[in-house]
Amino acid sequence: MHELTFIENILRACTEASQQNHLKKVTRISLEIGKMYQLVPDLLHFAFKTAVTGTLFEGATLDIEWKSLTGECTGCGHSFTIEEFVFICPECGSFNIKLVSGKELLIKSIEGN
């Protein structure tokens with residue numbers, strides 16, 4: 001379950017930001033995550049609830065905006081949503097795909113007091 005390691009790394013970064021902004025309690029963390037990370041949403045939320053126990057994040061809400069995988073064929077220029085991690089242009093069948101979105105990882109905001 002790489003979700004727990006993922007959350008631990010996010011919380012490490014959020015801890016630093018919280019300390020720099022003198023937050024004693026965090027109530028919400030908002031993330032933007034690309035589908036390329038292949039995280040399971042339920043496992044990610046479970047890992048979050050487990051990892052925040054006894055920390056300044058305990059009781060905080062985790063909001064996640066999932067970014068779809070989208071690609072562009074370098075052969076014909078067709079833009080499309082990549083389903084099931086099949087990196088083949090549905091227009092011309094080319095395997096030469098440039099990933100346009102889906103690799104994002106952004107801590108959008110940390111709320112607290």
# chains A, B, ... in the order shown; residues from 1 in each chain; ligands from 1
$ residues_around --residues "Glu84 (chain A)" --least-positions-apart "3" --cutoff "10 Å" --atoms "only C-alpha atoms" --output "list of chain:residue names"
A:Leu69, A:Thr81, A:Phe87
$ residues_around --residues "region 96-112 of chain A" --least-positions-apart "4" --cutoff "8 Å" --atoms "only C-alpha atoms" --output "ChimeraX atom specification"
/A:10,14,18,23-37,67-75,87-89
$ write_last_selection --atoms "C-alpha atoms" --output "mmCIF file, in the first residue's frame"
data_model
loop_
_atom_site.group_PDB
_atom_site.id
_atom_site.type_symbol
_atom_site.label_atom_id
_atom_site.label_comp_id
_atom_site.auth_asym_id
_atom_site.auth_seq_id
_atom_site.Cartn_x
_atom_site.Cartn_y
_atom_site.Cartn_z
ATOM 1 C CA ILE A 10 2.412 14.942 2.079
ATOM 2 C CA CYS A 14 2.361 20.148 5.373
ATOM 3 C CA SER A 18 2.257 24.702 9.153
ATOM 4 C CA LEU A 23 -0.443 26.895 12.755
ATOM 5 C CA LYS A 24 -1.150 24.894 15.897
ATOM 6 C CA LYS A 25 -4.059 22.935 14.418
ATOM 7 C CA VAL A 26 -4.774 22.034 10.782
ATOM 8 C CA THR A 27 -8.433 21.589 9.837
ATOM 9 C CA ARG A 28 -8.241 20.955 6.085
ATOM 10 C CA ILE A 29 -5.713 19.914 3.469
ATOM 11 C CA SER A 30 -6.587 20.269 -0.208
ATOM 12 C CA LEU A 31 -4.627 18.329 -2.819
ATOM 13 C CA GLU A 32 -4.589 18.033 -6.597
ATOM 14 C CA ILE A 33 -3.423 14.582 -7.697
ATOM 15 C CA GLY A 34 -3.012 13.182 -11.192
ATOM 16 C CA LYS A 35 -4.377 9.725 -11.987
ATOM 17 C CA MET A 36 -0.876 8.657 -13.072
ATOM 18 C CA TYR A 37 -0.041 8.096 -9.389
ATOM 19 C CA LYS A 67 -6.808 15.144 -12.547
ATOM 20 C CA SER A 68 -7.567 12.879 -15.504
ATOM 21 C CA LEU A 69 -4.914 11.421 -17.731
ATOM 22 C CA THR A 70 -4.976 13.250 -21.015
ATOM 23 C CA GLY A 71 -2.666 12.801 -23.917
ATOM 24 C CA GLU A 72 -1.859 14.224 -27.305
ATOM 25 C CA CYS A 73 -0.735 12.134 -30.228
ATOM 26 C CA THR A 74 2.546 13.430 -31.612
ATOM 27 C CA GLY A 75 1.650 11.869 -34.961
ATOM 28 C CA PHE A 87 -1.431 5.005 -24.264
ATOM 29 C CA ILE A 88 -2.582 4.505 -27.849
ATOM 30 C CA CYS A 89 -4.100 7.222 -30.001
#
$ residues_around --residues "region 39-52 of chain A" --least-positions-apart "6" --cutoff "8 Å" --atoms "only C-alpha atoms" --output "list in words"
Met1, His2, Glu3, Leu4, Ile7, Glu8, Glu58, Gly59 and Leu62 of chain A
$ write_last_selection --atoms "C-alpha atoms" --output "PDB file, in the first residue's frame"
ATOM      1  CA  MET A   1       0.000   0.000   0.000  1.00  0.00           C
ATOM      2  CA  HIS A   2       1.986   2.977  -1.234  1.00  0.00           C
ATOM      3  CA  GLU A   3      -0.883   5.254  -0.180  1.00  0.00           C
ATOM      4  CA  LEU A   4       0.474   5.408   3.389  1.00  0.00           C
ATOM      5  CA  ILE A   7       0.349  10.480   2.762  1.00  0.00           C
ATOM      6  CA  GLU A   8       3.335  10.490   5.115  1.00  0.00           C
ATOM      7  CA  GLU A  58      -5.984  14.935  13.693  1.00  0.00           C
ATOM      8  CA  GLY A  59      -9.606  15.582  12.735  1.00  0.00           C
ATOM      9  CA  LEU A  62      -8.626  15.750   3.233  1.00  0.00           C
TER      10      LEU A  62
END
$ atom_distance --atom1 "CA of His22 (chain A)" --atom2 "CA of Glu65 (chain A)"
26.1 Å
$ select_by_dssp --residues "chain A" --states "alpha helix (DSSP H)" --output "JSON, numbers by chain"
{"A": [2, 3, 4, 5, 6, 7, 8, 9, 10, 11, 12, 13, 14, 15, 16, 17, 18, 19, 20, 41, 42, 43, 44, 45, 46, 47, 48, 49, 50, 51]}
$ select_by_dssp --residues "chain A" --states "strand (DSSP E or B)" --output "PyMOL selection string"
chain A and resi 26-34+61-67+70-73+79-81+97-101+105-112
